[in-house]
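Colleague: Okay, here's the structure, questions in a sec.
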Amino acid sequence: MEIESFRGLLTDEGQGLLARLREYNPGEELALATRLRRDHPAELVSAALGQARLRQRARAKFGGEADRMYFTPDGVEQATRTAVAEWRARRFAELGVARLADLCCGVGGDAVALARAGISVLAVDRSPLACAVAEANARALGLAELIEVRCADVAEVDLAGFDAVFTDPARRGARGRIFDPEAYSPPLSWAVAAGRRSRYAALKIAPGVPHEAVPEDAEAEWVSDGGDVKEAVLWFGTEAAQPHRATLLPGGHTLTGGRLADPPAGPVRRHLYEPDGAVIRAHLVAEVAGLVGGTLIDPTIAYLTSDALVRTPYATAYEITDTLPFNVKRLRALLRQRGVGTVVVKKRGSAVEPEELRRKLKPEGPHSCTVFLTRAAGAPTMLLGHPV
């Protein structure tokens, strides 16, 4: 998308086109484009259709508000979803932050959440198009007075006078996702140094970052939304008592720790606990084991087991009815005997693909069952049960 094409969308004609395309069917795009080009410039129609597609994709992150916002292809891909951005903004607000520099702001999703938390934001990006989009979003959502957008290299921004810094480095390049933190733009080391110079700072990183890459003076937080791990953030200045934090949205449940040794392993008992992905990434399985009185089913597998049923937001509990060595024929016969037609297959530590197994099982019947393909005491194992 060219910046001039984008600016055409902000004109009255462009706005009219976007309004007409709010609920358009992508399958009818060719015929629709032909009709629209009879009355509007082809370049403007193309830009409007592109923006309509991006808005539809963005609904997964921004909900219905996406229909009032503007996006770039990279912006939709890399923007923080609203629930996560709002959580981070609340943390900054609770720390007393009044003025913040949002570095690598992209289309401004985080800046919007921060402004709505009452924080004055300087949003910086080196892409003129991203800045134009962020500025348009601030206006569209009535936040222009709290969000100043500046097109610049973040390394050249004077951070004096800001209470906090938030940095979201680009983690994608021309060849796709970047896994080396020093290949981020800007590099992780630069962002960490900038964070240390500020009273408070948060640095967004990939959730799969190796723990050895986390600075000792940072609080590392992993965030999941609806059970899916979305991001990791390094916090500076929070003086956290524990080095790791797992936050589960939308409930806002937070578990801290990171200093406990792994729990021991033992036999599979009545209940199985599947920790949330953020808990696992934050290495807080031992903390959950303490909450449920559980042990691991295997030293290398993040499933916990306990005789007790303890309700916790940090893990999903299942009642286990059968613990068997892995055997497809035996599993198929058992499910048929019990009239199981709906099978949920979960795996951890198994090479078997759930879809492949379901095809082999050919389940039929009115009942349901959850099957865990895993290891217990080092041996391939299948556990049968149901959520409680």
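Following the order of the structure tokens, first chain is A, next is B, and so on, with residues numbered from 1 inside each chain and ligands from 1 in the order they appear.
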Can you pull out every residue within 12 Å of Tyr70 (chain A), counting only C-alpha atoms, but drop anything in the same chain fewer than 5 positions away, and send it as a JSON list (two decimals) with N, CA, C and O atoms, in the first residue's frame?

Modeller:
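Output file around-v2.json is given in full below:
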[["chain", "number", "residue", "atom", "x", "y", "z"],
["A", 1, "MET", "N", 0.84, -1.19, 0.00],
["A", 1, "MET", "CA", 0.00, 0.00, 0.00],
["A", 1, "MET", "C", 0.88, 1.25, 0.00],
["A", 1, "MET", "O", 1.81, 1.36, 0.79],
["A", 6, "PHE", "N", -3.38, 5.48, 0.58],
["A", 6, "PHE", "CA", -4.03, 5.47, 1.90],
["A", 6, "PHE", "C", -4.69, 6.81, 2.19],
["A", 6, "PHE", "O", -5.84, 6.86, 2.68],
["A", 7, "ARG", "N", -4.00, 7.88, 1.90],
["A", 7, "ARG", "CA", -4.58, 9.20, 2.20],
["A", 7, "ARG", "C", -5.86, 9.44, 1.41],
["A", 7, "ARG", "O", -6.75, 10.17, 1.84],
["A", 9, "LEU", "N", -8.15, 7.38, 1.09],
["A", 9, "LEU", "CA", -9.23, 6.78, 1.87],
["A", 9, "LEU", "C", -9.77, 7.74, 2.91],
["A", 9, "LEU", "O", -10.90, 7.56, 3.40],
["A", 10, "LEU", "N", -9.01, 8.75, 3.28],
["A", 10, "LEU", "CA", -9.43, 9.70, 4.31],
["A", 10, "LEU", "C", -10.28, 10.83, 3.75],
["A", 10, "LEU", "O", -10.82, 11.63, 4.50],
["A", 15, "GLN", "N", -14.08, 7.73, 2.25],
["A", 15, "GLN", "CA", -14.91, 7.33, 3.39],
["A", 15, "GLN", "C", -16.23, 6.71, 2.92],
["A", 15, "GLN", "O", -16.73, 5.74, 3.50],
["A", 18, "LEU", "N", -15.53, 3.15, 1.80],
["A", 18, "LEU", "CA", -15.32, 2.25, 2.93],
["A", 18, "LEU", "C", -16.64, 1.91, 3.61],
["A", 18, "LEU", "O", -16.85, 0.77, 4.06],
["A", 47, "ALA", "N", -7.64, 0.58, -3.27],
["A", 47, "ALA", "CA", -7.23, 0.86, -1.89],
["A", 47, "ALA", "C", -8.36, 0.58, -0.92],
["A", 47, "ALA", "O", -8.14, 0.04, 0.17],
["A", 48, "ALA", "N", -9.59, 0.95, -1.29],
["A", 48, "ALA", "CA", -10.74, 0.73, -0.40],
["A", 48, "ALA", "C", -11.02, -0.75, -0.22],
["A", 48, "ALA", "O", -11.30, -1.22, 0.89],
["A", 50, "GLY", "N", -8.83, -3.16, -0.51],
["A", 50, "GLY", "CA", -7.74, -3.68, 0.32],
["A", 50, "GLY", "C", -7.95, -3.38, 1.78],
["A", 50, "GLY", "O", -7.73, -4.23, 2.66],
["A", 51, "GLN", "N", -8.39, -2.14, 2.08],
["A", 51, "GLN", "CA", -8.63, -1.76, 3.47],
["A", 51, "GLN", "C", -9.80, -2.54, 4.06],
["A", 51, "GLN", "O", -9.78, -2.94, 5.24],
["A", 52, "ALA", "N", -10.84, -2.78, 3.25],
["A", 52, "ALA", "CA", -11.98, -3.56, 3.72],
["A", 52, "ALA", "C", -11.56, -4.98, 4.09],
["A", 52, "ALA", "O", -12.01, -5.54, 5.10],
["A", 53, "ARG", "N", -10.67, -5.57, 3.27],
["A", 53, "ARG", "CA", -10.16, -6.91, 3.60],
["A", 53, "ARG", "C", -9.37, -6.90, 4.90],
["A", 53, "ARG", "O", -9.50, -7.79, 5.74],
["A", 54, "LEU", "N", -8.53, -5.88, 5.07],
["A", 54, "LEU", "CA", -7.73, -5.78, 6.29],
["A", 54, "LEU", "C", -8.61, -5.60, 7.52],
["A", 54, "LEU", "O", -8.36, -6.19, 8.58],
["A", 55, "ARG", "N", -9.66, -4.80, 7.40],
["A", 55, "ARG", "CA", -10.57, -4.60, 8.53],
["A", 55, "ARG", "C", -11.25, -5.90, 8.92],
["A", 55, "ARG", "O", -11.43, -6.19, 10.11],
["A", 56, "GLN", "N", -11.64, -6.69, 7.94],
["A", 56, "GLN", "CA", -12.27, -7.97, 8.26],
["A", 56, "GLN", "C", -11.31, -8.89, 8.99],
["A", 56, "GLN", "O", -11.69, -9.57, 9.95],
["A", 57, "ARG", "N", -10.05, -8.91, 8.55],
["A", 57, "ARG", "CA", -9.04, -9.72, 9.25],
["A", 57, "ARG", "C", -8.80, -9.20, 10.66],
["A", 57, "ARG", "O", -8.58, -9.97, 11.59],
["A", 58, "ALA", "N", -8.81, -7.88, 10.82],
["A", 58, "ALA", "CA", -8.48, -7.25, 12.10],
["A", 58, "ALA", "C", -9.55, -7.46, 13.15],
["A", 58, "ALA", "O", -9.29, -7.25, 14.34],
["A", 59, "ARG", "N", -10.75, -7.87, 12.76],
["A", 59, "ARG", "CA", -11.81, -8.07, 13.75],
["A", 59, "ARG", "C", -11.43, -9.12, 14.79],
["A", 59, "ARG", "O", -11.89, -9.07, 15.93],
["A", 62, "PHE", "N", -9.37, -6.80, 17.11],
["A", 62, "PHE", "CA", -9.93, -5.53, 17.57],
["A", 62, "PHE", "C", -11.45, -5.54, 17.69],
["A", 62, "PHE", "O", -12.03, -4.52, 18.05],
["A", 65, "GLU", "N", -14.57, -2.71, 16.60],
["A", 65, "GLU", "CA", -13.88, -1.43, 16.46],
["A", 65, "GLU", "C", -12.97, -1.41, 15.23],
["A", 65, "GLU", "O", -12.60, -0.33, 14.74],
["A", 75, "GLY", "N", 0.62, -4.41, 9.74],
["A", 75, "GLY", "CA", -0.02, -3.94, 10.96],
["A", 75, "GLY", "C", -1.03, -4.92, 11.50],
["A", 75, "GLY", "O", -1.12, -5.15, 12.71],
["A", 76, "VAL", "N", -1.83, -5.52, 10.62],
["A", 76, "VAL", "CA", -2.79, -6.54, 11.07],
["A", 76, "VAL", "C", -2.06, -7.74, 11.65],
["A", 76, "VAL", "O", -2.46, -8.29, 12.68],
["A", 79, "ALA", "N", 0.08, -6.33, 15.05],
["A", 79, "ALA", "CA", -0.55, -5.51, 16.09],
["A", 79, "ALA", "C", -0.95, -6.36, 17.29],
["A", 79, "ALA", "O", -1.34, -7.52, 17.16],
["A", 106, "GLY", "N", 3.84, 0.98, 15.02],
["A", 106, "GLY", "CA", 3.03, 0.35, 14.00],
["A", 106, "GLY", "C", 1.77, 1.16, 13.73],
["A", 106, "GLY", "O", 1.80, 2.38, 13.63],
["A", 107, "VAL", "N", 0.62, 0.46, 13.64],
["A", 107, "VAL", "CA", -0.64, 1.15, 13.34],
["A", 107, "VAL", "C", -1.27, 1.77, 14.57],
["A", 107, "VAL", "O", -2.34, 2.37, 14.49],
["A", 108, "GLY", "N", -0.62, 1.64, 15.74],
["A", 108, "GLY", "CA", -1.07, 2.37, 16.92],
["A", 108, "GLY", "C", -2.01, 1.63, 17.85],
["A", 108, "GLY", "O", -2.65, 2.25, 18.70],
["A", 109, "GLY", "N", -2.09, 0.32, 17.76],
["A", 109, "GLY", "CA", -2.99, -0.44, 18.63],
["A", 109, "GLY", "C", -2.66, -0.26, 20.10],
["A", 109, "GLY", "O", -3.55, -0.04, 20.93],
["A", 129, "LEU", "N", 4.10, 5.34, 6.23],
["A", 129, "LEU", "CA", 2.76, 4.80, 6.09],
["A", 129, "LEU", "C", 2.20, 4.37, 7.44],
["A", 129, "LEU", "O", 1.05, 4.67, 7.77],
["A", 130, "ALA", "N", 3.01, 3.67, 8.25],
["A", 130, "ALA", "CA", 2.55, 3.27, 9.58],
["A", 130, "ALA", "C", 2.17, 4.48, 10.41],
["A", 130, "ALA", "O", 1.16, 4.47, 11.13],
["A", 131, "CYS", "N", 2.96, 5.54, 10.31],
["A", 131, "CYS", "CA", 2.65, 6.75, 11.08],
["A", 131, "CYS", "C", 1.36, 7.39, 10.61],
["A", 131, "CYS", "O", 0.55, 7.85, 11.43],
["A", 132, "ALA", "N", 1.14, 7.43, 9.30],
["A", 132, "ALA", "CA", -0.10, 7.99, 8.78],
["A", 132, "ALA", "C", -1.30, 7.19, 9.26],
["A", 132, "ALA", "O", -2.35, 7.75, 9.61],
["A", 133, "VAL", "N", -1.16, 5.87, 9.30],
["A", 133, "VAL", "CA", -2.25, 5.01, 9.76],
["A", 133, "VAL", "C", -2.48, 5.19, 11.25],
["A", 133, "VAL", "O", -3.63, 5.30, 11.71],
["A", 134, "ALA", "N", -1.40, 5.25, 12.04],
["A", 134, "ALA", "CA", -1.55, 5.45, 13.48],
["A", 134, "ALA", "C", -2.22, 6.78, 13.78],
["A", 134, "ALA", "O", -3.07, 6.87, 14.68],
["A", 135, "GLU", "N", -1.84, 7.80, 13.05],
["A", 135, "GLU", "CA", -2.44, 9.12, 13.24],
["A", 135, "GLU", "C", -3.93, 9.09, 12.89],
["A", 135, "GLU", "O", -4.77, 9.67, 13.59],
["A", 136, "ALA", "N", -4.28, 8.41, 11.81],
["A", 136, "ALA", "CA", -5.68, 8.29, 11.42],
["A", 136, "ALA", "C", -6.48, 7.52, 12.46],
["A", 136, "ALA", "O", -7.63, 7.86, 12.75],
["A", 137, "ASN", "N", -5.89, 6.50, 13.05],
["A", 137, "ASN", "CA", -6.58, 5.74, 14.08],
["A", 137, "ASN", "C", -6.81, 6.57, 15.33],
["A", 137, "ASN", "O", -7.88, 6.49, 15.95],
["A", 138, "ALA", "N", -5.84, 7.38, 15.70],
["A", 138, "ALA", "CA", -6.01, 8.25, 16.86],
["A", 138, "ALA", "C", -7.17, 9.21, 16.64],
["A", 138, "ALA", "O", -7.99, 9.45, 17.54],
["A", 139, "ARG", "N", -7.27, 9.77, 15.44],
["A", 139, "ARG", "CA", -8.38, 10.68, 15.14],
["A", 139, "ARG", "C", -9.71, 9.95, 15.09],
["A", 139, "ARG", "O", -10.71, 10.40, 15.64],
["A", 140, "ALA", "N", -9.72, 8.79, 14.44],
["A", 140, "ALA", "CA", -10.97, 8.04, 14.27],
["A", 140, "ALA", "C", -11.56, 7.62, 15.61],
["A", 140, "ALA", "O", -12.78, 7.52, 15.75],
["A", 141, "LEU", "N", -10.70, 7.38, 16.60],
["A", 141, "LEU", "CA", -11.17, 6.91, 17.90],
["A", 141, "LEU", "C", -11.24, 8.02, 18.93],
["A", 141, "LEU", "O", -11.43, 7.75, 20.12]]

Colleague: Using only C-alpha atoms, which protein or nucleic acid residues come within 6 Å of region 146-151 of chain A? Drop anything in the same chain fewer than 2 positions from it, and give the result as a PyMOL selection string.

Modeller: chain A and resi 115+120-126+143-144

Colleague: Find the residues around Lys329 (chain A) up to 10 Å (only C-alpha atoms counted), leave out those fewer than 5 positions away in its own chain, and share them as a compact mmCIF listing (two decimals) with N, CA, C and O atoms, in the first residue's frame.

Modeller:
# COMPACT_ATOMS: atom_id res chain seq x y z
N LEU A 334 -12.09 -50.00 22.83
CA LEU A 334 -12.61 -49.45 24.08
C LEU A 334 -13.63 -48.35 23.81
O LEU A 334 -14.70 -48.29 24.46
N LYS A 360 -8.29 -43.11 12.19
CA LYS A 360 -8.15 -44.54 12.47
C LYS A 360 -9.20 -45.04 13.46
O LYS A 360 -9.62 -46.19 13.40
N LEU A 361 -9.62 -44.17 14.37
CA LEU A 361 -10.57 -44.60 15.40
C LEU A 361 -11.99 -44.76 14.86
O LEU A 361 -12.74 -45.62 15.31

Colleague: Please report the interatomic distance between CA of Thr80 (chain A) and CA of Glu231 (chain A) in Å with one decimal.

Modeller: 8.7 Å

Colleague: For CA of Ala194 (chain A) and CA of Val214 (chain A), quote the distance in Å rounded to one decimal.

Modeller: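 Value for the CA of Ala194 (chain A)-CA of Val214 (chain A) distance: 15.1 Å.
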
Colleague: Please list as a PyMOL selection string every residue within 6 Å of region 274-286 of chain A, counting only C-alpha atoms and excluding residues in the same chain fewer than 3 positions away.

Modeller: chain A and resi 222-224+229+244+246+258+262-263+289+303+314-316

Colleague: Using N, CA, C and O atoms, can you export the residues from the last selection as a JSON list (two decimals), in the first residue's frame?

Modeller:
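Ended up saving to part-v2.json:
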[["chain", "number", "residue", "atom", "x", "y", "z"],
["A", 222, "TRP", "N", 4.51, -13.71, 30.55],
["A", 222, "TRP", "CA", 3.91, -14.37, 29.39],
["A", 222, "TRP", "C", 2.40, -14.20, 29.49],
["A", 222, "TRP", "O", 1.81, -14.41, 30.56],
["A", 223, "VAL", "N", 1.77, -13.82, 28.39],
["A", 223, "VAL", "CA", 0.34, -13.50, 28.37],
["A", 223, "VAL", "C", -0.39, -14.42, 27.40],
["A", 223, "VAL", "O", 0.02, -14.57, 26.24],
["A", 224, "SER", "N", -1.47, -15.05, 27.89],
["A", 224, "SER", "CA", -2.33, -15.84, 27.01],
["A", 224, "SER", "C", -3.71, -15.19, 26.97],
["A", 224, "SER", "O", -4.12, -14.51, 27.91],
["A", 229, "VAL", "N", -1.21, -18.57, 23.90],
["A", 229, "VAL", "CA", -0.14, -17.67, 24.31],
["A", 229, "VAL", "C", 0.09, -16.65, 23.20],
["A", 229, "VAL", "O", 0.35, -17.01, 22.05],
["A", 244, "HIS", "N", 9.23, -14.27, 37.24],
["A", 244, "HIS", "CA", 8.35, -14.67, 36.14],
["A", 244, "HIS", "C", 6.89, -14.43, 36.52],
["A", 244, "HIS", "O", 6.49, -14.54, 37.68],
["A", 246, "ALA", "N", 2.81, -15.20, 34.77],
["A", 246, "ALA", "CA", 1.91, -15.70, 33.72],
["A", 246, "ALA", "C", 0.57, -15.02, 33.92],
["A", 246, "ALA", "O", 0.00, -15.07, 35.02],
["A", 258, "GLY", "N", 8.80, -18.60, 39.68],
["A", 258, "GLY", "CA", 9.98, -18.82, 38.85],
["A", 258, "GLY", "C", 11.21, -19.23, 39.62],
["A", 258, "GLY", "O", 12.27, -19.41, 39.02],
["A", 262, "ASP", "N", 11.52, -28.03, 39.69],
["A", 262, "ASP", "CA", 10.46, -28.81, 39.07],
["A", 262, "ASP", "C", 9.87, -29.79, 40.08],
["A", 262, "ASP", "O", 10.60, -30.37, 40.91],
["A", 263, "PRO", "N", 8.55, -30.00, 40.04],
["A", 263, "PRO", "CA", 7.95, -30.96, 40.96],
["A", 263, "PRO", "C", 8.38, -32.38, 40.61],
["A", 263, "PRO", "O", 8.79, -32.65, 39.48],
["A", 289, "ALA", "N", 1.59, -26.97, 40.58],
["A", 289, "ALA", "CA", 1.64, -28.23, 41.31],
["A", 289, "ALA", "C", 1.41, -28.01, 42.80],
["A", 289, "ALA", "O", 0.70, -28.78, 43.45],
["A", 303, "TYR", "N", 2.25, -32.18, 32.26],
["A", 303, "TYR", "CA", 0.94, -32.58, 32.77],
["A", 303, "TYR", "C", 1.12, -32.91, 34.25],
["A", 303, "TYR", "O", 2.07, -33.62, 34.63],
["A", 314, "TYR", "N", -5.40, -21.57, 36.41],
["A", 314, "TYR", "CA", -4.12, -21.76, 35.75],
["A", 314, "TYR", "C", -3.95, -23.12, 35.07],
["A", 314, "TYR", "O", -2.94, -23.38, 34.43],
["A", 315, "ALA", "N", -4.95, -24.00, 35.22],
["A", 315, "ALA", "CA", -4.89, -25.31, 34.58],
["A", 315, "ALA", "C", -6.29, -25.85, 34.40],
["A", 315, "ALA", "O", -7.19, -25.56, 35.20],
["A", 316, "THR", "N", -6.48, -26.63, 33.35],
["A", 316, "THR", "CA", -7.75, -27.30, 33.10],
["A", 316, "THR", "C", -7.68, -28.69, 33.71],
["A", 316, "THR", "O", -6.72, -29.43, 33.48]]

Colleague: I'd like to know which residues of region 187-317 of chain A are strand (DSSP E) (by DSSP, run on the backbone); could you write them as an MDAnalysis selection string?

Modeller: chainID A and resid 200:205 219:225 228:236 244:249 253:257 271:275 295:298 301:306 315:317

Colleague: Pick out the residues sitting within 10 Å of Val97 (chain A), and hand them over as a PyMOL selection string; count only C-alpha atoms, and ignore anything fewer than 3 positions along from it in its own chain.

Modeller: chain A and resi 89-94+100+114+117-120+162-165+199-200

Colleague: Excluding same-chain residues fewer than 2 positions from Pro210 (chain A), what lies within 12 Å of it counting only C-alpha atoms, as a list in words?

Modeller: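 After dropping sequence-adjacent residues, the list is Phe179, Asp180, Pro181, Ile205, Ala206, Pro207, Gly208, Glu212, Ala213, Val214, Pro215, Ala220, Ala232, Arg281, Ala282 and His283 of chain A.
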
Colleague: For each of A:Phe236, A:Phe71, A:Tyr273, A:Phe326, take the minimum atom-to-atom distance to Leu291 (chain A), counting only C-alpha atoms, then give the residue where this is smallest.

Modeller: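 The closest residue to Leu291 (chain A) is A:Tyr273.
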